[in-house]
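Data block for structure34.cif (mmCIF, C-alpha atoms):
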data_entry
loop_
_atom_site.label_atom_id
_atom_site.label_comp_id
_atom_site.auth_asym_id
_atom_site.auth_seq_id
_atom_site.Cartn_x
_atom_site.Cartn_y
_atom_site.Cartn_z
CA MET A 1 26.88 73.27 243.93
CA PHE A 2 23.26 73.76 242.88
CA TYR A 3 22.22 70.73 244.95
CA LYS A 4 23.90 72.23 248.03
CA ILE A 5 22.00 75.51 247.62
CA ILE A 6 18.65 73.75 247.28
CA LYS A 7 19.39 71.46 250.22
CA GLU A 8 20.34 74.40 252.46
CA PHE A 9 17.19 76.26 251.40
CA LEU A 10 14.96 73.28 252.23
CA LEU A 11 16.82 72.71 255.49
CA LYS A 12 16.38 76.35 256.47
CA LYS A 13 12.67 76.22 255.64
CA SER A 14 12.21 73.06 257.73
CA LEU A 15 14.18 74.59 260.60
CA ASP A 16 12.10 77.78 260.55
CA LYS A 17 8.91 75.73 260.88
CA LYS A 18 10.35 73.79 263.83
CA LEU A 19 11.60 76.93 265.57
CA LYS A 20 8.25 78.72 265.17
CA ARG A 21 6.35 75.94 266.92
CA ASN A 22 9.14 75.03 269.34
CA THR A 23 8.93 76.45 272.82
CA PHE A 24 11.74 76.05 275.27
CA PRO A 25 11.00 74.03 278.36
CA LYS A 26 11.33 75.85 281.63
CA ILE A 27 14.91 76.14 282.75
CA ASP A 28 15.79 74.46 286.02
CA PHE A 29 18.08 77.05 287.57
CA TYR A 30 18.78 74.78 290.54
CA SER A 31 20.38 71.93 288.60
CA LYS A 32 24.16 72.03 288.41
CA VAL A 33 26.21 71.79 285.22
CA GLU A 34 28.17 68.56 285.18
CA THR A 35 28.28 67.60 281.49
CA ILE A 36 29.06 69.96 278.63
CA GLY A 37 28.55 69.51 274.90
CA ILE A 38 30.28 71.87 272.50
CA LEU A 39 29.13 72.26 268.90
CA ILE A 40 31.81 74.02 266.87
CA ASP A 41 31.94 75.25 263.29
CA ASN A 42 35.38 73.90 262.44
CA SER A 43 35.25 75.64 259.06
CA TYR A 44 35.95 78.99 260.75
CA PHE A 45 37.28 78.20 264.21
CA ASN A 46 40.26 75.91 264.68
CA LYS A 47 41.46 76.73 268.21
CA ILE A 48 39.42 73.94 269.74
CA ASN A 49 42.15 72.76 272.10
CA GLU A 50 42.61 76.27 273.51
CA LEU A 51 38.86 76.62 274.06
CA LEU A 52 38.79 73.25 275.82
CA GLN A 53 41.73 74.21 278.04
CA ASN A 54 39.79 77.29 279.21
CA ILE A 55 36.85 75.05 280.09
CA TYR A 56 39.05 72.51 281.87
CA GLN A 57 40.55 75.36 283.93
CA GLN A 58 37.06 76.00 285.28
CA GLY A 59 37.10 72.59 286.97
CA PHE A 60 35.52 70.34 284.33
CA SER A 61 37.22 67.04 283.57
CA PRO A 62 37.83 66.02 279.94
CA ASN A 63 35.54 63.00 280.24
CA LYS A 64 32.59 65.33 281.06
CA VAL A 65 33.09 67.49 277.96
CA LYS A 66 32.15 66.26 274.47
CA VAL A 67 32.91 68.07 271.22
CA LEU A 68 31.24 67.78 267.83
CA CYS A 69 32.61 69.71 264.87
CA TYR A 70 30.83 70.82 261.73
CA LYS A 71 32.89 71.06 258.57
CA ASP A 72 31.67 72.65 255.31
CA LYS A 73 33.96 70.51 253.20
CA LEU A 74 36.35 67.72 254.02
CA LYS A 75 39.53 67.72 252.03
CA ASN A 76 40.70 64.44 250.56
CA LYS A 77 42.09 62.20 253.28
CA GLU A 78 41.65 64.93 255.91
CA VAL A 79 41.66 63.54 259.43
CA LEU A 80 39.99 65.52 262.19
CA GLU A 81 40.89 65.21 265.85
CA TYR A 82 37.26 65.39 267.00
CA PRO A 83 34.03 63.76 265.80
CA TYR A 84 32.45 65.71 262.97
CA TYR A 85 29.54 65.92 260.58
CA THR A 86 28.94 67.72 257.29
CA LEU A 87 25.99 68.94 255.25
CA GLN A 88 25.90 65.55 253.52
CA ASP A 89 25.03 63.99 256.90
CA LEU A 90 21.65 65.75 256.93
CA ASP A 91 18.73 65.21 254.63
CA ALA A 92 16.60 68.11 253.39
CA SER A 93 14.11 67.74 256.25
CA GLY A 94 16.79 67.92 258.93
CA GLU A 95 17.13 64.22 259.77
CA LEU A 96 20.64 63.38 260.95
CA LYS A 97 22.35 60.47 259.20
CA ASN A 98 25.75 60.66 260.94
CA ASN A 99 26.02 58.42 264.01
CA ASN A 100 28.26 60.94 265.85
CA ALA A 101 25.71 63.72 265.29
CA VAL A 102 22.77 61.54 266.33
CA GLN A 103 24.47 60.49 269.57
CA PHE A 104 25.47 64.08 270.30
CA ALA A 105 21.94 65.42 269.70
CA ASN A 106 20.34 62.71 271.85
CA TYR A 107 22.71 63.08 274.81
CA PRO A 108 21.12 65.08 277.67
CA PHE A 109 23.95 67.54 278.32
CA ASP A 110 23.53 69.90 281.25
CA LEU A 111 25.04 72.64 279.07
CA LEU A 112 25.34 72.90 275.29
CA ILE A 113 27.74 75.51 273.98
CA ASN A 114 26.86 76.45 270.41
CA TYR A 115 30.22 77.91 269.46
CA TYR A 116 29.68 79.34 266.01
CA ASP A 117 28.87 82.82 264.78
CA VAL A 118 27.45 82.14 261.32
CA SER A 119 23.84 80.96 261.13
CA LYS A 120 24.14 77.86 259.00
CA PRO A 121 21.02 75.68 258.76
CA SER A 122 23.08 72.53 259.36
CA LEU A 123 24.44 73.88 262.68
CA LEU A 124 21.14 75.37 263.80
CA THR A 125 19.33 72.11 263.05
CA LEU A 126 21.57 70.10 265.35
CA SER A 127 21.38 72.79 268.04
CA GLN A 128 17.60 72.78 267.84
CA GLN A 129 17.41 68.98 268.00
CA SER A 130 19.79 68.71 270.95
CA MET A 131 18.35 67.32 274.19
CA ALA A 132 20.57 69.64 276.25
CA LYS A 133 18.97 71.24 279.31
CA PHE A 134 20.61 74.66 278.89
CA LYS A 135 21.91 76.09 275.59
CA VAL A 136 24.37 78.95 275.27
CA GLY A 137 25.59 80.61 272.09
CA LEU A 138 26.86 83.74 270.45
CA ALA A 139 24.67 86.78 269.80
CA SER A 140 25.18 86.77 266.03
CA VAL A 141 23.22 83.50 265.68
CA ASP A 142 19.44 83.00 265.65
CA ASN A 143 18.47 83.56 269.30
CA ARG A 144 15.55 81.10 269.13
CA VAL A 145 18.04 78.23 269.43
CA ASN A 146 19.75 79.33 272.67
CA HIS A 147 18.50 80.00 276.17
CA PHE A 148 21.36 82.39 276.85
CA ILE A 149 23.54 84.42 274.47
CA ILE A 150 26.88 86.13 274.89
CA ASN A 151 27.76 89.11 272.72
CA THR A 152 31.28 88.43 271.48
CA PHE A 153 33.06 87.09 268.41
CA VAL A 154 34.07 83.49 267.85
CA GLU A 155 37.78 84.47 267.84
CA ASN A 156 37.46 85.75 271.43
CA TYR A 157 37.18 82.34 273.06
CA LYS A 158 38.87 83.57 276.27
CA GLU A 159 36.32 86.36 276.66
CA PHE A 160 33.50 83.94 275.86
CA THR A 161 34.54 81.39 278.49
CA THR A 162 35.18 84.10 281.09
CA GLU A 163 31.70 85.59 280.55
CA LEU A 164 30.02 82.18 280.37
CA PHE A 165 31.43 80.92 283.65
CA LEU A 166 30.84 84.27 285.35
CA TYR A 167 27.13 83.98 284.51
CA LEU A 168 26.99 80.28 285.38
CA ARG A 169 28.37 81.13 288.83
CA THR A 170 25.86 83.97 289.13
CA PHE A 171 23.05 81.56 288.22
CA ASN A 172 24.54 79.15 290.79
CA LYS A 173 24.85 76.43 288.14
CA ILE A 174 28.52 75.72 288.96
CA LYS A 175 30.71 76.03 292.04
#

Can the structure from this file be put into C-alpha cells for me?
Amino acid sequence: MFYKIIKEFLLKKSLDKKLKRNTFPKIDFYSKVETIGILIDNSYFNKINELLQNIYQQGFSPNKVKVLCYKDKLKNKEVLEYPYYTLQDLDASGELKNNNAVQFANYPFDLLINYYDVSKPSLLTLSQQSMAKFKVGLASVDNRVNHFIINTFVENYKEFTTELFLYLRTFNKIK
C-alpha cells in the first residue's frame, strides 16, 4: 500500500516534468483517420464492447481499432478480454515494462481515444508517451495530454462517440 502511494507520487512528478517541457506537434488536419487506439480505465468502465460497437457503426473495421485496458488491481485468476497493463507494469520514472503497453504506445495511431475520466498517473503516462497523431479525451482529465477534449462523463459513451465523430467530420478527418 505504502509502496503504491510512493510509486504514484514519483510517477506523477516525472509526468509533470515531461508535460511541462512537452509541446504538441502541429496537427495535420488534412490526414484522415484510419487507425484508432483506445486507452480505457477498465477499473471504472466495463462497457467496452458497447463503446466499440458505436465506433464500428461509424464505418471503422475491427482490425483498425486496438484497445488497451488499465486495471488498478487484477483479481486472482482474472482473465480480461482485451490486452491490459497495471501500475506494476510501470517503473517510478514512467518506463513501460508491459509488452502490450509498449507496443500500444509506439504504434502511430491516427486517433487515440483516452477514455477515462480520472487522472491517474499510470494512464496519463501512457497517453503522453503515445505516438498517436491526434489525441482525444474527456474534459475531466489533464488537458495537456489531449489535442481535443469532449465534456461528458465516461458513462455516456454514446454521447461521447456521437460528439467525437461529429467533430471529426467537421474537421474533415473522416468521411

Open item on the list: the PyMOL selection byres ((chain A and resi 35) around 7) - which residues does that actually catch in the file I just gave you? List them as a VMD selection string.
Closed with: chain A and resid 33 to 34 36 to 37 64 to 65 109 to 111

Restricting the output to C-alpha atoms, write the selected residues as a compact mmCIF listing (two decimals), in the coordinates of the input.
# COMPACT_ATOMS: atom_id res chain seq x y z
CA VAL A 33 26.21 71.79 285.22
CA GLU A 34 28.17 68.56 285.18
CA ILE A 36 29.06 69.96 278.63
CA GLY A 37 28.55 69.51 274.90
CA LYS A 64 32.59 65.33 281.06
CA VAL A 65 33.09 67.49 277.96
CA PHE A 109 23.95 67.54 278.32
CA ASP A 110 23.53 69.90 281.25
CA LEU A 111 25.04 72.64 279.07

Please expand the PyMOL selection byres ((chain A and resi 88) around 12) into the concrete residues it hits in this file, giving the result as a PDB file with C-alpha atoms, keeping the file's coordinate frame.
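Final file, selection-v1.pdb:
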ATOM      1  CA  TYR A   3      22.220  70.730 244.950  1.00  0.00           C
ATOM      2  CA  LYS A   4      23.900  72.230 248.030  1.00  0.00           C
ATOM      3  CA  LYS A   7      19.390  71.460 250.220  1.00  0.00           C
ATOM      4  CA  GLU A   8      20.340  74.400 252.460  1.00  0.00           C
ATOM      5  CA  LEU A  11      16.820  72.710 255.490  1.00  0.00           C
ATOM      6  CA  TYR A  70      30.830  70.820 261.730  1.00  0.00           C
ATOM      7  CA  LYS A  71      32.890  71.060 258.570  1.00  0.00           C
ATOM      8  CA  ASP A  72      31.670  72.650 255.310  1.00  0.00           C
ATOM      9  CA  LYS A  73      33.960  70.510 253.200  1.00  0.00           C
ATOM     10  CA  LEU A  74      36.350  67.720 254.020  1.00  0.00           C
ATOM     11  CA  TYR A  84      32.450  65.710 262.970  1.00  0.00           C
ATOM     12  CA  TYR A  85      29.540  65.920 260.580  1.00  0.00           C
ATOM     13  CA  THR A  86      28.940  67.720 257.290  1.00  0.00           C
ATOM     14  CA  LEU A  87      25.990  68.940 255.250  1.00  0.00           C
ATOM     15  CA  ASP A  89      25.030  63.990 256.900  1.00  0.00           C
ATOM     16  CA  LEU A  90      21.650  65.750 256.930  1.00  0.00           C
ATOM     17  CA  ASP A  91      18.730  65.210 254.630  1.00  0.00           C
ATOM     18  CA  ALA A  92      16.600  68.110 253.390  1.00  0.00           C
ATOM     19  CA  GLY A  94      16.790  67.920 258.930  1.00  0.00           C
ATOM     20  CA  GLU A  95      17.130  64.220 259.770  1.00  0.00           C
ATOM     21  CA  LEU A  96      20.640  63.380 260.950  1.00  0.00           C
ATOM     22  CA  LYS A  97      22.350  60.470 259.200  1.00  0.00           C
ATOM     23  CA  ASN A  98      25.750  60.660 260.940  1.00  0.00           C
ATOM     24  CA  ALA A 101      25.710  63.720 265.290  1.00  0.00           C
ATOM     25  CA  SER A 122      23.080  72.530 259.360  1.00  0.00           C
TER      26      SER A 122
END

Show which residues sit within 10 Å of Ile48 (chain A), as a PDB file with C-alpha atoms, keeping the file's coordinate frame. Count all atoms listed in the file, and ignore same-chain residues fewer than 2 positions away.
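And here is the file that came out, out.pdb:
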ATOM      1  CA  ILE A  38      30.280  71.870 272.500  1.00  0.00           C
ATOM      2  CA  ILE A  40      31.810  74.020 266.870  1.00  0.00           C
ATOM      3  CA  ASP A  41      31.940  75.250 263.290  1.00  0.00           C
ATOM      4  CA  ASN A  42      35.380  73.900 262.440  1.00  0.00           C
ATOM      5  CA  PHE A  45      37.280  78.200 264.210  1.00  0.00           C
ATOM      6  CA  ASN A  46      40.260  75.910 264.680  1.00  0.00           C
ATOM      7  CA  GLU A  50      42.610  76.270 273.510  1.00  0.00           C
ATOM      8  CA  LEU A  51      38.860  76.620 274.060  1.00  0.00           C
ATOM      9  CA  LEU A  52      38.790  73.250 275.820  1.00  0.00           C
ATOM     10  CA  GLN A  53      41.730  74.210 278.040  1.00  0.00           C
ATOM     11  CA  VAL A  67      32.910  68.070 271.220  1.00  0.00           C
ATOM     12  CA  CYS A  69      32.610  69.710 264.870  1.00  0.00           C
ATOM     13  CA  GLU A  81      40.890  65.210 265.850  1.00  0.00           C
ATOM     14  CA  TYR A  82      37.260  65.390 267.000  1.00  0.00           C
ATOM     15  CA  TYR A 157      37.180  82.340 273.060  1.00  0.00           C
TER      16      TYR A 157
END

Task: Residues in the PyMOL selection byres ((chain A and resi 149) around 7), expressed as a PyMOL selection string - done: chain A and resi 136-139+146-148+150-151

Open item on the list: What's the separation between CA of Val79 (chain A) and CA of Ser61 (chain A), in Å to one decimal place?
Closed with: 24.8 Å

Open item on the list: Would you pick out the contacts of region 159-163 of chain A at 8 Å or less, using all atoms listed in the file, so that residues sharing its chain but fewer than 2 positions from it are not included, and give the list as a ChimeraX atom specification?
Closed with: /A:51,54-55,150,152,156-157,165-167

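Between Tyr44 (chain A) and the residues A:Ile174, A:Val154, A:Leu124, A:Leu168, the shortest atom-to-atom distance, using all atoms listed in the file, involves A:Val154.
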
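Proximity to Ala132 (chain A) was assessed for A:Pro83, A:Leu164, A:Lys158, A:Ile113 counting only C-alpha atoms; the smallest distance is recorded for A:Ile113.
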
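Pairwise distance (CA of Ser127 (chain A), CA of Asn106 (chain A)) equals 10.8 Å.
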
Open item on the list: Would you compute the distance between CA of Ile6 (chain A) and CA of Lys75 (chain A)? Give it in Å to one decimal.
Closed with: 22.2 Å

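Ranking A:Asn63, A:Asn172, A:Asn114, A:Asn100 by their shortest atom-to-atom distance to Lys135 (chain A), with all atoms listed in the file included, puts A:Asn114 first.
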
TODO: Might you pull out every residue within 9 Å of Ser119 (chain A), with all atoms listed in the file counted and same-chain residues fewer than 4 positions away left off, and present them as a VMD selection string?
DONE: chain A and resid 123 to 124 140 to 142

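If all atoms listed in the file are the atoms counted, then among A:Lys77, A:Lys32, A:Lys47, A:Lys20 the closest residue to Phe171 (chain A) is A:Lys32.
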
TODO: Excluding Phe104 (chain A) and residues on its chain fewer than 6 positions from it, collect all residues at most 9 Å away from it, counting only C-alpha atoms, and give them as an MDAnalysis selection string.
DONE: chainID A and resid 37 66:68 126 130:131
